[in-house]
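Engineer: Handing over work_2.cif, mmCIF, C-alpha atoms.
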```cif
data_work
loop_
_atom_site.group_PDB
_atom_site.id
_atom_site.type_symbol
_atom_site.label_atom_id
_atom_site.label_comp_id
_atom_site.auth_asym_id
_atom_site.auth_seq_id
_atom_site.Cartn_x
_atom_site.Cartn_y
_atom_site.Cartn_z
ATOM 1 C CA MET A 1 -1.757 -46.296 -14.241
ATOM 2 C CA GLU A 2 -1.037 -42.797 -12.943
ATOM 3 C CA LEU A 3 -1.503 -39.992 -15.449
ATOM 4 C CA LEU A 4 1.173 -37.581 -16.609
ATOM 5 C CA LYS A 5 1.331 -34.082 -15.081
ATOM 6 C CA ALA A 6 -0.124 -32.264 -18.073
ATOM 7 C CA GLN A 7 -2.864 -34.882 -18.408
ATOM 8 C CA LYS A 8 -3.839 -34.343 -14.786
ATOM 9 C CA MET A 9 -3.810 -30.595 -15.380
ATOM 10 C CA LEU A 10 -6.310 -30.811 -18.244
ATOM 11 C CA LEU A 11 -8.434 -33.344 -16.370
ATOM 12 C CA GLY A 12 -8.523 -31.033 -13.343
ATOM 13 C CA LEU A 13 -9.442 -28.042 -15.504
ATOM 14 C CA ALA A 14 -12.383 -29.906 -17.041
ATOM 15 C CA ILE A 15 -13.640 -31.462 -13.801
ATOM 16 C CA GLY A 16 -13.414 -28.153 -11.952
ATOM 17 C CA ASP A 17 -15.264 -26.388 -14.757
ATOM 18 C CA ALA A 18 -18.005 -29.027 -15.053
ATOM 19 C CA LEU A 19 -18.521 -29.265 -11.302
ATOM 20 C CA GLY A 20 -18.295 -25.533 -10.706
ATOM 21 C CA LYS A 21 -20.856 -24.855 -13.443
ATOM 22 C CA GLU A 22 -23.491 -26.499 -11.241
ATOM 23 C CA TYR A 23 -22.893 -23.855 -8.543
ATOM 24 C CA GLU A 24 -22.016 -20.877 -10.743
ATOM 25 C CA ASN A 25 -23.269 -17.432 -9.703
ATOM 26 C CA ILE A 26 -24.709 -18.574 -6.380
ATOM 27 C CA PRO A 27 -23.682 -15.891 -3.858
ATOM 28 C CA ARG A 28 -21.166 -17.032 -1.265
ATOM 29 C CA ILE A 29 -23.527 -16.270 1.620
ATOM 30 C CA GLN A 30 -26.113 -18.641 0.108
ATOM 31 C CA ILE A 31 -23.832 -21.637 -0.449
ATOM 32 C CA HIS A 32 -23.684 -24.322 2.237
ATOM 33 C CA ILE A 33 -21.365 -27.233 1.461
ATOM 34 C CA ASN A 34 -20.157 -29.351 4.350
ATOM 35 C CA ASP A 35 -19.451 -32.780 2.884
ATOM 36 C CA PRO A 36 -17.074 -33.801 0.118
ATOM 37 C CA LEU A 37 -18.917 -34.073 -3.185
ATOM 38 C CA LYS A 38 -19.233 -37.534 -4.695
ATOM 39 C CA GLY A 39 -20.274 -36.636 -8.235
ATOM 40 C CA TYR A 40 -22.048 -34.209 -10.533
ATOM 41 C CA LYS A 41 -25.581 -33.141 -9.704
ATOM 42 C CA GLY A 42 -26.505 -33.549 -13.369
ATOM 43 C CA GLY A 43 -25.041 -37.059 -13.641
ATOM 44 C CA THR A 44 -22.562 -36.206 -16.400
ATOM 45 C CA GLY A 45 -19.922 -33.506 -16.108
ATOM 46 C CA ILE A 46 -20.127 -31.150 -19.097
ATOM 47 C CA TYR A 47 -17.423 -28.549 -19.426
ATOM 48 C CA THR A 48 -17.943 -24.979 -20.653
ATOM 49 C CA ASP A 49 -16.027 -22.112 -22.254
ATOM 50 C CA ASP A 50 -13.346 -22.190 -19.528
ATOM 51 C CA THR A 51 -12.080 -25.620 -20.536
ATOM 52 C CA GLN A 52 -12.666 -25.087 -24.240
ATOM 53 C CA MET A 53 -10.426 -22.016 -24.265
ATOM 54 C CA SER A 54 -7.792 -23.700 -22.090
ATOM 55 C CA LEU A 55 -7.874 -26.642 -24.496
ATOM 56 C CA ALA A 56 -7.389 -24.265 -27.428
ATOM 57 C CA VAL A 57 -4.319 -22.804 -25.695
ATOM 58 C CA ALA A 58 -3.016 -26.304 -24.912
ATOM 59 C CA GLU A 59 -3.513 -27.491 -28.492
ATOM 60 C CA LEU A 60 -1.550 -24.517 -29.819
ATOM 61 C CA MET A 61 1.234 -25.115 -27.295
ATOM 62 C CA SER A 62 1.451 -28.807 -28.217
ATOM 63 C CA SER A 63 1.744 -27.994 -31.943
ATOM 64 C CA ASN A 64 4.721 -26.772 -33.928
ATOM 65 C CA LEU A 65 3.187 -23.336 -34.499
ATOM 66 C CA PRO A 66 4.553 -20.223 -32.826
ATOM 67 C CA PHE A 67 2.562 -18.784 -29.933
ATOM 68 C CA ASN A 68 1.480 -15.330 -31.044
ATOM 69 C CA GLU A 69 -1.654 -13.206 -31.289
ATOM 70 C CA GLU A 70 -2.862 -14.626 -34.588
ATOM 71 C CA THR A 71 -2.166 -18.305 -33.904
ATOM 72 C CA LEU A 72 -3.787 -18.072 -30.480
ATOM 73 C CA ALA A 73 -6.838 -16.316 -31.892
ATOM 74 C CA SER A 74 -7.060 -18.957 -34.650
ATOM 75 C CA SER A 75 -6.936 -21.749 -32.093
ATOM 76 C CA LEU A 76 -9.734 -20.148 -30.050
ATOM 77 C CA VAL A 77 -11.917 -19.730 -33.154
ATOM 78 C CA TYR A 78 -11.245 -23.275 -34.365
ATOM 79 C CA ALA A 79 -12.056 -24.821 -30.980
ATOM 80 C CA TYR A 80 -15.328 -22.902 -30.792
ATOM 81 C CA ARG A 81 -16.493 -23.579 -34.346
ATOM 82 C CA ARG A 82 -15.901 -27.324 -34.170
ATOM 83 C CA ASP A 83 -17.750 -27.712 -30.849
ATOM 84 C CA LYS A 84 -19.776 -24.698 -29.698
ATOM 85 C CA ARG A 85 -19.948 -24.504 -25.914
ATOM 86 C CA SER A 86 -21.983 -22.527 -23.411
ATOM 87 C CA GLY A 87 -20.640 -20.036 -20.918
ATOM 88 C CA TYR A 88 -19.064 -17.387 -23.128
ATOM 89 C CA SER A 89 -19.849 -13.767 -22.409
ATOM 90 C CA SER A 90 -22.083 -12.185 -25.035
ATOM 91 C CA PHE A 91 -19.127 -10.014 -26.117
ATOM 92 C CA THR A 92 -16.723 -12.913 -26.662
ATOM 93 C CA LYS A 93 -19.419 -15.070 -28.247
ATOM 94 C CA THR A 94 -20.091 -12.334 -30.804
ATOM 95 C CA MET A 95 -16.367 -12.159 -31.554
ATOM 96 C CA LEU A 96 -16.286 -15.912 -32.144
ATOM 97 C CA GLU A 97 -19.517 -16.083 -34.136
ATOM 98 C CA THR A 98 -18.337 -13.392 -36.551
ATOM 99 C CA SER A 99 -14.873 -14.884 -37.044
ATOM 100 C CA TRP A 100 -13.593 -17.618 -39.341
ATOM 101 C CA CYS A 101 -9.907 -17.190 -38.678
ATOM 102 C CA GLY A 102 -7.541 -15.595 -36.194
ATOM 103 C CA MET A 103 -7.281 -12.308 -38.069
ATOM 104 C CA ASP A 104 -11.085 -11.988 -38.112
ATOM 105 C CA PHE A 105 -11.102 -12.491 -34.364
ATOM 106 C CA LEU A 106 -8.405 -9.892 -33.729
ATOM 107 C CA LYS A 107 -10.209 -7.345 -35.915
ATOM 108 C CA SER A 108 -13.575 -7.955 -34.245
ATOM 109 C CA VAL A 109 -12.716 -5.966 -31.101
ATOM 110 C CA SER A 110 -11.469 -2.399 -30.779
ATOM 111 C CA GLY A 111 -8.507 -1.374 -28.686
ATOM 112 C CA GLN A 112 -10.782 0.647 -26.416
ATOM 113 C CA ASP A 113 -13.143 -2.274 -25.901
ATOM 114 C CA LYS A 114 -10.211 -4.491 -24.927
ATOM 115 C CA LEU A 115 -8.900 -1.838 -22.567
ATOM 116 C CA ASN A 116 -12.290 -1.677 -20.840
ATOM 117 C CA ARG A 117 -12.384 -5.431 -20.185
ATOM 118 C CA LYS A 118 -11.085 -6.333 -16.717
ATOM 119 C CA SER A 119 -13.015 -9.583 -16.372
ATOM 120 C CA ASP A 120 -11.589 -13.089 -15.889
ATOM 121 C CA GLY A 121 -12.028 -14.227 -19.497
ATOM 122 C CA SER A 122 -8.298 -14.389 -20.186
ATOM 123 C CA SER A 123 -7.152 -15.705 -16.804
ATOM 124 C CA MET A 124 -9.518 -18.687 -17.100
ATOM 125 C CA ARG A 125 -7.484 -19.984 -20.057
ATOM 126 C CA ALA A 126 -4.023 -19.158 -18.662
ATOM 127 C CA VAL A 127 -3.192 -22.377 -16.777
ATOM 128 C CA PRO A 128 -1.551 -24.162 -19.755
ATOM 129 C CA VAL A 129 0.657 -21.111 -20.366
ATOM 130 C CA GLY A 130 2.513 -22.021 -17.174
ATOM 131 C CA LEU A 131 4.090 -24.977 -18.957
ATOM 132 C CA PHE A 132 6.553 -22.792 -20.850
ATOM 133 C CA PRO A 133 9.864 -23.655 -19.147
ATOM 134 C CA ASP A 134 11.198 -20.118 -18.701
ATOM 135 C CA THR A 135 9.546 -17.663 -16.310
ATOM 136 C CA ASN A 136 10.017 -14.722 -18.665
ATOM 137 C CA GLU A 137 8.417 -16.701 -21.476
ATOM 138 C CA VAL A 138 5.466 -17.522 -19.209
ATOM 139 C CA ILE A 139 4.968 -13.828 -18.497
ATOM 140 C CA ARG A 140 5.280 -12.825 -22.153
ATOM 141 C CA HIS A 141 2.864 -15.458 -23.411
ATOM 142 C CA ALA A 142 0.384 -14.857 -20.588
ATOM 143 C CA GLN A 143 0.330 -11.192 -21.574
ATOM 144 C CA ILE A 144 -0.354 -12.139 -25.202
ATOM 145 C CA ASN A 145 -3.065 -14.483 -23.957
ATOM 146 C CA SER A 146 -4.814 -11.594 -22.246
ATOM 147 C CA GLU A 147 -4.211 -8.747 -24.660
ATOM 148 C CA ILE A 148 -5.993 -10.337 -27.619
ATOM 149 C CA THR A 149 -9.283 -9.924 -25.711
ATOM 150 C CA HIS A 150 -8.657 -8.177 -22.352
ATOM 151 C CA SER A 151 -6.030 -5.437 -22.082
ATOM 152 C CA HIS A 152 -7.120 -3.824 -18.821
ATOM 153 C CA PRO A 153 -4.205 -4.055 -16.322
ATOM 154 C CA LYS A 154 -6.320 -6.101 -13.889
ATOM 155 C CA ALA A 155 -7.014 -8.705 -16.562
ATOM 156 C CA ILE A 156 -3.415 -8.805 -17.808
ATOM 157 C CA LEU A 157 -2.015 -9.250 -14.309
ATOM 158 C CA ALA A 158 -4.560 -11.965 -13.491
ATOM 159 C CA SER A 159 -3.609 -13.879 -16.644
ATOM 160 C CA ILE A 160 0.071 -13.581 -15.738
ATOM 161 C CA GLY A 161 -0.610 -14.457 -12.089
ATOM 162 C CA VAL A 162 -2.513 -17.631 -12.975
ATOM 163 C CA ALA A 163 0.189 -18.678 -15.451
ATOM 164 C CA LEU A 164 2.936 -18.061 -12.871
ATOM 165 C CA ALA A 165 1.091 -20.119 -10.245
ATOM 166 C CA SER A 166 0.732 -22.899 -12.816
ATOM 167 C CA HIS A 167 4.427 -22.643 -13.708
ATOM 168 C CA TYR A 168 5.449 -22.795 -10.026
ATOM 169 C CA SER A 169 3.388 -25.934 -9.529
ATOM 170 C CA TYR A 170 4.193 -27.722 -12.791
ATOM 171 C CA TYR A 171 7.931 -27.432 -12.285
ATOM 172 C CA THR A 172 7.596 -27.864 -8.505
ATOM 173 C CA TYR A 173 9.691 -24.828 -7.622
ATOM 174 C CA GLY A 174 8.907 -25.014 -3.927
ATOM 175 C CA ASP A 175 6.398 -25.503 -1.159
ATOM 176 C CA PRO A 176 2.809 -24.375 -1.896
ATOM 177 C CA SER A 177 3.063 -22.008 1.071
ATOM 178 C CA GLU A 178 5.429 -19.864 -1.032
ATOM 179 C CA ILE A 179 3.279 -19.688 -4.164
ATOM 180 C CA ILE A 180 1.842 -16.208 -3.550
ATOM 181 C CA ARG A 181 5.289 -14.755 -2.862
ATOM 182 C CA TYR A 182 6.572 -16.293 -6.091
ATOM 183 C CA VAL A 183 3.743 -14.711 -8.059
ATOM 184 C CA ILE A 184 4.264 -11.305 -6.420
ATOM 185 C CA LYS A 185 8.013 -11.452 -7.062
ATOM 186 C CA ASN A 186 7.501 -12.049 -10.774
ATOM 187 C CA LEU A 187 4.468 -9.891 -11.574
ATOM 188 C CA PRO A 188 5.363 -6.981 -13.864
ATOM 189 C CA PRO A 189 5.083 -3.593 -12.105
ATOM 190 C CA ILE A 190 1.948 -2.575 -13.991
ATOM 191 C CA ASP A 191 -0.096 -1.852 -10.866
ATOM 192 C CA HIS A 192 1.633 -1.705 -7.461
ATOM 193 C CA ASN A 193 -1.728 -1.946 -5.649
ATOM 194 C CA TYR A 194 -2.033 -5.460 -7.084
ATOM 195 C CA SER A 195 1.055 -6.668 -5.230
ATOM 196 C CA SER A 196 -0.097 -5.030 -1.990
ATOM 197 C CA TYR A 197 -3.451 -6.779 -2.335
ATOM 198 C CA LEU A 198 -1.824 -10.185 -2.891
ATOM 199 C CA SER A 199 0.589 -9.592 -0.001
ATOM 200 C CA SER A 200 -2.368 -9.053 2.335
ATOM 201 C CA ILE A 201 -3.822 -12.390 1.209
ATOM 202 C CA ASP A 202 -0.483 -14.095 1.802
ATOM 203 C CA THR A 203 -0.761 -13.241 5.530
ATOM 204 C CA LEU A 204 -4.043 -15.154 5.921
ATOM 205 C CA SER A 205 -4.320 -18.657 7.342
ATOM 206 C CA ASN A 206 -8.126 -18.571 7.279
ATOM 207 C CA PRO A 207 -10.387 -16.855 4.753
ATOM 208 C CA ASP A 208 -11.049 -13.188 5.393
ATOM 209 C CA TYR A 209 -13.674 -12.435 2.771
ATOM 210 C CA GLN A 210 -13.335 -8.681 3.105
ATOM 211 C CA ILE A 211 -9.619 -8.853 2.334
ATOM 212 C CA ILE A 212 -9.894 -11.450 -0.430
ATOM 213 C CA LEU A 213 -13.077 -10.255 -2.121
ATOM 214 C CA GLY A 214 -13.441 -6.605 -1.115
ATOM 215 C CA LYS A 215 -16.857 -5.251 -2.060
ATOM 216 C CA TYR A 216 -17.775 -8.677 -3.436
ATOM 217 C CA SER A 217 -17.452 -10.388 -0.038
ATOM 218 C CA ASP A 218 -21.118 -11.477 0.039
ATOM 219 C CA TYR A 219 -21.203 -12.648 -3.572
ATOM 220 C CA GLY A 220 -17.844 -14.303 -4.156
ATOM 221 C CA PRO A 221 -15.201 -13.988 -6.868
ATOM 222 C CA PRO A 222 -16.857 -11.913 -9.625
ATOM 223 C CA TYR A 223 -16.374 -12.652 -13.307
ATOM 224 C CA ASN A 224 -16.157 -8.909 -14.014
ATOM 225 C CA ASP A 225 -13.040 -8.196 -11.911
ATOM 226 C CA ALA A 226 -10.142 -10.588 -12.499
ATOM 227 C CA LYS A 227 -8.118 -9.176 -9.599
ATOM 228 C CA TYR A 228 -10.404 -10.799 -7.022
ATOM 229 C CA VAL A 229 -10.513 -14.047 -8.962
ATOM 230 C CA LEU A 230 -6.710 -14.266 -8.829
ATOM 231 C CA GLY A 231 -6.667 -13.378 -5.124
ATOM 232 C CA MET A 232 -9.141 -16.115 -4.250
ATOM 233 C CA VAL A 233 -7.381 -18.664 -6.471
ATOM 234 C CA LEU A 234 -4.003 -17.993 -4.860
ATOM 235 C CA PHE A 235 -5.454 -18.206 -1.344
ATOM 236 C CA ILE A 236 -6.904 -21.665 -2.068
ATOM 237 C CA LEU A 237 -3.702 -22.846 -3.771
ATOM 238 C CA LYS A 238 -1.590 -21.791 -0.804
ATOM 239 C CA GLN A 239 -3.879 -23.510 1.704
ATOM 240 C CA PHE A 240 -5.030 -26.666 -0.114
ATOM 241 C CA SER A 241 -2.602 -27.579 -2.919
ATOM 242 C CA GLN A 242 -1.866 -30.921 -1.268
ATOM 243 C CA ASN A 243 -5.526 -31.839 -0.679
ATOM 244 C CA PRO A 244 -7.625 -31.821 -3.886
ATOM 245 C CA GLU A 245 -10.916 -32.689 -2.151
ATOM 246 C CA ALA A 246 -10.493 -29.851 0.323
ATOM 247 C CA ALA A 247 -9.585 -27.518 -2.535
ATOM 248 C CA ILE A 248 -12.848 -28.435 -4.263
ATOM 249 C CA VAL A 249 -15.032 -27.922 -1.198
ATOM 250 C CA HIS A 250 -13.421 -24.660 -0.118
ATOM 251 C CA SER A 251 -13.507 -23.279 -3.659
ATOM 252 C CA LEU A 252 -17.211 -23.992 -3.948
ATOM 253 C CA ARG A 253 -17.840 -22.303 -0.609
ATOM 254 C CA PHE A 254 -16.514 -19.056 -2.055
ATOM 255 C CA GLY A 255 -19.396 -18.982 -4.536
ATOM 256 C CA GLY A 256 -19.421 -16.462 -7.380
ATOM 257 C CA ASP A 257 -17.816 -17.407 -10.695
ATOM 258 C CA VAL A 258 -16.918 -20.805 -9.337
ATOM 259 C CA ASP A 259 -16.698 -22.701 -12.619
ATOM 260 C CA THR A 260 -13.777 -20.434 -13.488
ATOM 261 C CA THR A 261 -12.098 -20.434 -10.082
ATOM 262 C CA LEU A 262 -12.476 -24.190 -9.538
ATOM 263 C CA SER A 263 -11.278 -24.957 -13.072
ATOM 264 C CA ILE A 264 -8.101 -22.920 -12.528
ATOM 265 C CA ILE A 265 -7.544 -24.286 -9.025
ATOM 266 C CA LEU A 266 -8.117 -27.957 -9.774
ATOM 267 C CA GLY A 267 -6.072 -27.748 -12.972
ATOM 268 C CA ILE A 268 -3.105 -26.548 -10.919
ATOM 269 C CA VAL A 269 -3.720 -28.682 -7.824
ATOM 270 C CA MET A 270 -3.922 -31.941 -9.772
ATOM 271 C CA MET A 271 -0.451 -31.465 -11.257
ATOM 272 C CA ASN A 272 1.179 -32.702 -8.039
ATOM 273 C CA ASN A 273 -1.512 -35.020 -6.728
ATOM 274 C CA THR A 274 -2.860 -38.386 -7.829
ATOM 275 C CA VAL A 275 -6.241 -38.937 -9.446
ATOM 276 C CA ASP A 276 -7.334 -41.244 -6.624
ATOM 277 C CA GLN A 277 -7.398 -38.190 -4.337
ATOM 278 C CA ILE A 278 -10.631 -36.943 -5.902
ATOM 279 C CA PRO A 279 -13.991 -38.795 -6.038
ATOM 280 C CA GLN A 280 -13.888 -41.418 -8.780
ATOM 281 C CA LEU A 281 -17.301 -40.412 -10.113
ATOM 282 C CA LEU A 282 -15.953 -36.983 -11.028
ATOM 283 C CA ILE A 283 -13.530 -38.753 -13.374
ATOM 284 C CA ASP A 284 -15.799 -41.546 -14.599
ATOM 285 C CA ASP A 285 -18.757 -39.271 -15.341
ATOM 286 C CA LEU A 286 -16.833 -36.507 -17.085
ATOM 287 C CA GLU A 287 -18.052 -36.248 -20.675
ATOM 288 C CA ASN A 288 -16.160 -38.263 -23.272
ATOM 289 C CA GLY A 289 -17.488 -37.168 -26.642
ATOM 290 C CA GLY A 290 -15.354 -35.923 -29.506
ATOM 291 C CA TYR A 291 -13.480 -33.403 -27.358
ATOM 292 C CA GLY A 292 -14.059 -34.949 -23.963
ATOM 293 C CA LYS A 293 -11.897 -36.949 -21.622
ATOM 294 C CA ASP A 294 -9.958 -39.001 -24.195
ATOM 295 C CA HIS A 295 -9.123 -35.924 -26.250
ATOM 296 C CA LEU A 296 -7.958 -34.089 -23.138
ATOM 297 C CA MET A 297 -5.682 -37.017 -22.291
ATOM 298 C CA SER A 298 -4.254 -37.050 -25.822
ATOM 299 C CA ILE A 299 -3.409 -33.331 -25.729
ATOM 300 C CA GLY A 300 -2.074 -33.708 -22.192
ATOM 301 C CA LYS A 301 0.302 -36.446 -23.328
ATOM 302 C CA ALA A 302 1.546 -34.251 -26.175
ATOM 303 C CA LEU A 303 2.098 -31.355 -23.764
ATOM 304 C CA ASP A 304 3.994 -33.560 -21.345
ATOM 305 C CA GLU A 305 6.291 -34.720 -24.131
ATOM 306 C CA LYS A 306 6.950 -31.183 -25.328
ATOM 307 C CA TYR A 307 7.329 -29.658 -21.851
ATOM 308 C CA PRO A 308 8.938 -32.408 -19.757
ATOM 309 C CA VAL A 309 9.617 -31.927 -16.073
ATOM 310 C CA MET A 310 13.286 -32.764 -15.529
#
```
In structure tokens, how does this file's structure come out?
Structural biologist:
Amino acid sequence: MELLKAQKMLLGLAIGDALGKEYENIPRIQIHINDPLKGYKGGTGIYTDDTQMSLAVAELMSSNLPFNEETLASSLVYAYRRDKRSGYSSFTKTMLETSWCGMDFLKSVSGQDKLNRKSDGSSMRAVPVGLFPDTNEVIRHAQINSEITHSHPKAILASIGVALASHYSYYTYGDPSEIIRYVIKNLPPIDHNYSSYLSSIDTLSNPDYQIILGKYSDYGPPYNDAKYVLGMVLFILKQFSQNPEAAIVHSLRFGGDVDTTLSIILGIVMMNNTVDQIPQLLIDDLENGGYGKDHLMSIGKALDEKYPVM
């Protein structure tokens, strides 16, 4: 039986994260992938902080609680404390380890520290935010999602950009070829250079690593600059949204912080594709412990019921 859209989203997030983790931080110029991947190198796909935080966002959105700074922080702390995962930055891990509730978490970081953080830690958990049915609500909640941990403009705009791309795909607003223009049209005017950068990517039909990655062209999308993560993600979504296997291969070829980029990409790509379009082993061998595959499907079903696609 075919899965619901939100179920496929969470499955894609987890598979992309688990698969990407096996190639994380390998520089782009050192990665050579020519054939479609059949399964995980480690046998079982184990997801990391990317999926855990996205799951925390999804659980909050599927509940009856309001989506605000404190409830989101509480959900992140709860998800971590019940099932501690690898992959968190030392900064975020310290925030989580010293917190027992959402207010603890919010108080554990200064405004200046948040302002200095331009990494992809908030954009990696922004895909579920795209399920809010109103574009303005997506933008508002994606900004909240970022500002509790990352308030640098690059991080905020990446969180909003990922959520908008997710929103465009979940509600099938148009052809994937228009996804970058949709994001640009709706990004808040926080940094006009951001829109110019994304517009240059929109002109590409083949990867131009200098344009997409700038000074990181040899390494790949860097975790410490969310702008380039969003640029790479949008390029892949525009080119390969209708071909999940190609999206996987081409994402991995970019190298860098590929567990994050592939998690975001596959979470969005799978919304409008069927699960038989990716290797079956990636589904069968995804972990299924207490918060594994079955739990993801349960939360996905609840999301689909709360945010139906008309």
Engineer: Give me, as a list of chain:residue names, all polymer residues having an atom no more than 7 Å from Phe254 (chain A), counting only C-alpha atoms and skipping those fewer than 2 positions away in the same chain.
Structural biologist: A:Arg28, A:Gly220, A:His250, A:Ser251, A:Leu252, A:Gly256
Engineer: Take the residues from that selection and write them out as a short mmCIF file (atom, residue, chain, number, x, y, z; two decimals), keeping the file's coordinate frame, keeping C-alpha atoms.
Structural biologist:
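Below is the file that was written, again_15.cif:
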```cif
data_model
loop_
_atom_site.label_atom_id
_atom_site.label_comp_id
_atom_site.auth_asym_id
_atom_site.auth_seq_id
_atom_site.Cartn_x
_atom_site.Cartn_y
_atom_site.Cartn_z
CA ARG A 28 -21.17 -17.03 -1.26
CA GLY A 220 -17.84 -14.30 -4.16
CA HIS A 250 -13.42 -24.66 -0.12
CA SER A 251 -13.51 -23.28 -3.66
CA LEU A 252 -17.21 -23.99 -3.95
CA GLY A 256 -19.42 -16.46 -7.38
#
```
Engineer: Within 12 Å of Asn206 (chain A), counting all atoms listed in the file, which residues qualify if same-chain residues fewer than 2 places away don't, as a list in words?
Structural biologist: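 In the requested form, the answer reads Ile201, Asp202, Thr203, Leu204, Asp208, Tyr209, Gln210, Ile211, Ile212, Met232, Phe235, Ile236, Lys238, Gln239, Phe240 and His250 of chain A.
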Engineer: Spell out the residues picked by the PyMOL selection byres ((chain A and resi 153) around 9) here, as a ChimeraX atom specification.
Structural biologist: /A:115,118,150-152,154-158,190-191
Engineer: Quick one: pull the distance between CA of Gly300 (chain A) and CA of Val183 (chain A), Å, one decimal.
Structural biologist: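 CA of Val183 (chain A) lies at a distance of 24.4 Å from CA of Gly300 (chain A).
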Engineer: Could you list, as a list in words, every residue within 7 Å of region 122-138 of chain A, counting only C-alpha atoms and ignoring same-chain residues fewer than 5 positions away?
Structural biologist: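 Final neighbour list, sorted by chain and number: Asp50, Met53, Ser54, Val57, Ala58, Asn145, Ser146, His150, Ala155, Ala158, Ser159, Val162, Ala163, Leu164, Ser166, His167, Tyr170, Thr260, Ile264 and Tyr307 of chain A.
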Engineer: Please report, as lines of an AutoDock Vina configuration file, the centre and edge lengths in Å to one decimal of an axis-aligned box covering all listed atoms of region 241-253 of chain A with 8 Å per side.
Structural biologist:
```
center_x = -9.9
center_y = -27.5
center_z = -2.0
size_x = 32.0
size_y = 26.4
size_z = 20.6
```
Engineer: Using only C-alpha atoms, give me every residue within 12 Å of (-28.2, -31.6, -15.2) in file coordinates, as number ranges by chain.
Structural biologist: A: 18-19, 21-23, 39-47
Engineer: Calculated over all atoms listed in the file, which of the candidates A:Gln143, A:Asp120, A:Pro27, A:Asn193 has the smallest distance to Tyr228 (chain A)?
Structural biologist: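 Counting all atoms listed in the file, the residue closest to Tyr228 (chain A) is A:Asp120.
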Engineer: Using all atoms listed in the file, which residue out of A:Tyr80, A:Ser75, A:Ser119, A:Leu4 lies closest to Met103 (chain A)?
Structural biologist: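 Nearest to Met103 (chain A): A:Ser75.
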Engineer: Name the closest residue to Asp83 (chain A) among the candidates A:Met297, A:Glu178, A:Gly12, A:Gly290; distances are taken between atoms, counting all atoms listed in the file.
Structural biologist: A:Gly290
Engineer: Taking (-4.2, -24.8, -1.4) as a centre in this file's frame and 9 Å as the limit, can you find every polymer residue with an atom that close, using all atoms listed in the file, and give them as a list in words?
Structural biologist: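 Collected hits near the coordinates: Pro176, Ser177, Val233, Leu234, Phe235, Ile236, Leu237, Lys238, Gln239, Phe240, Ser241, Gln242, Asn243, Pro244, Ala246, Ala247, Ile265 and Val269 of chain A.
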Engineer: From the set A:Ser196, A:Asn25, A:Thr172, A:Ser110, which residue has the shortest atom-to-atom contact distance to Val309 (chain A), counting only C-alpha atoms?
Structural biologist: A:Thr172
Engineer: Which of these, A:Tyr88, A:Pro221, A:Thr149, A:Glu59, has the shortest distance to Phe105 (chain A) once you count all atoms listed in the file?
Structural biologist: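 Closest residue, counting all atoms listed in the file: A:Thr149.
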Engineer: Can you tell me how far CA of Asp35 (chain A) sits from CA of Val249 (chain A), in Å to one decimal?
Structural biologist: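 Going from CA of Asp35 (chain A) over to CA of Val249 (chain A) covers 7.7 Å.
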Engineer: Of the candidates A:Leu55, A:Leu281, A:Leu37, A:Ile184, which shows the shortest atom-to-atom distance to Ser298 (chain A), using only C-alpha atoms?
Structural biologist: A:Leu55
Engineer: For Ser108 (chain A), please output as a PyMOL selection string all residues within 12 Å (counting all atoms listed in the file; exclusion window: fewer than 5 positions along the same chain).
Structural biologist: chain A and resi 73+77+91-103+113-114+148-149
Engineer: Hey, can you spit out that residue selection with C-alpha atoms as a short mmCIF file (atom, residue, chain, number, x, y, z; two decimals), keeping the file's coordinate frame?
Structural biologist:
```
data_model
loop_
_atom_site.label_atom_id
_atom_site.label_comp_id
_atom_site.auth_asym_id
_atom_site.auth_seq_id
_atom_site.Cartn_x
_atom_site.Cartn_y
_atom_site.Cartn_z
CA ALA A 73 -6.84 -16.32 -31.89
CA VAL A 77 -11.92 -19.73 -33.15
CA PHE A 91 -19.13 -10.01 -26.12
CA THR A 92 -16.72 -12.91 -26.66
CA LYS A 93 -19.42 -15.07 -28.25
CA THR A 94 -20.09 -12.33 -30.80
CA MET A 95 -16.37 -12.16 -31.55
CA LEU A 96 -16.29 -15.91 -32.14
CA GLU A 97 -19.52 -16.08 -34.14
CA THR A 98 -18.34 -13.39 -36.55
CA SER A 99 -14.87 -14.88 -37.04
CA TRP A 100 -13.59 -17.62 -39.34
CA CYS A 101 -9.91 -17.19 -38.68
CA GLY A 102 -7.54 -15.60 -36.19
CA MET A 103 -7.28 -12.31 -38.07
CA ASP A 113 -13.14 -2.27 -25.90
CA LYS A 114 -10.21 -4.49 -24.93
CA ILE A 148 -5.99 -10.34 -27.62
CA THR A 149 -9.28 -9.92 -25.71
#
```
Engineer: To one decimal place in Å, what is the distance between CA of Ser195 (chain A) and CA of Leu230 (chain A)?
Structural biologist: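 Atom-to-atom, CA of Ser195 (chain A) to CA of Leu230 (chain A), that is 11.4 Å.
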Engineer: Which residues, named as in the file, does the PyMOL selection byres ((chain A and resi 286) around 7) pick out? Answer as a compact mmCIF listing (two decimals) with C-alpha atoms, keeping the file's coordinate frame.
Structural biologist:
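Generated output (expr16.txt):
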```txt
# COMPACT_ATOMS: atom_id res chain seq x y z
CA ILE A 15 -13.64 -31.46 -13.80
CA THR A 44 -22.56 -36.21 -16.40
CA GLY A 45 -19.92 -33.51 -16.11
CA ILE A 46 -20.13 -31.15 -19.10
CA LEU A 282 -15.95 -36.98 -11.03
CA ILE A 283 -13.53 -38.75 -13.37
CA ASP A 284 -15.80 -41.55 -14.60
CA ASP A 285 -18.76 -39.27 -15.34
CA GLU A 287 -18.05 -36.25 -20.68
CA ASN A 288 -16.16 -38.26 -23.27
CA LYS A 293 -11.90 -36.95 -21.62
```
Engineer: Applying 8 Å and all atoms listed in the file, which residues near Ile29 (chain A) remain after dropping the ones on its own chain fewer than 6 positions away? List them as a list in words.
Structural biologist: Asp218, Tyr219 and Gly255 of chain A
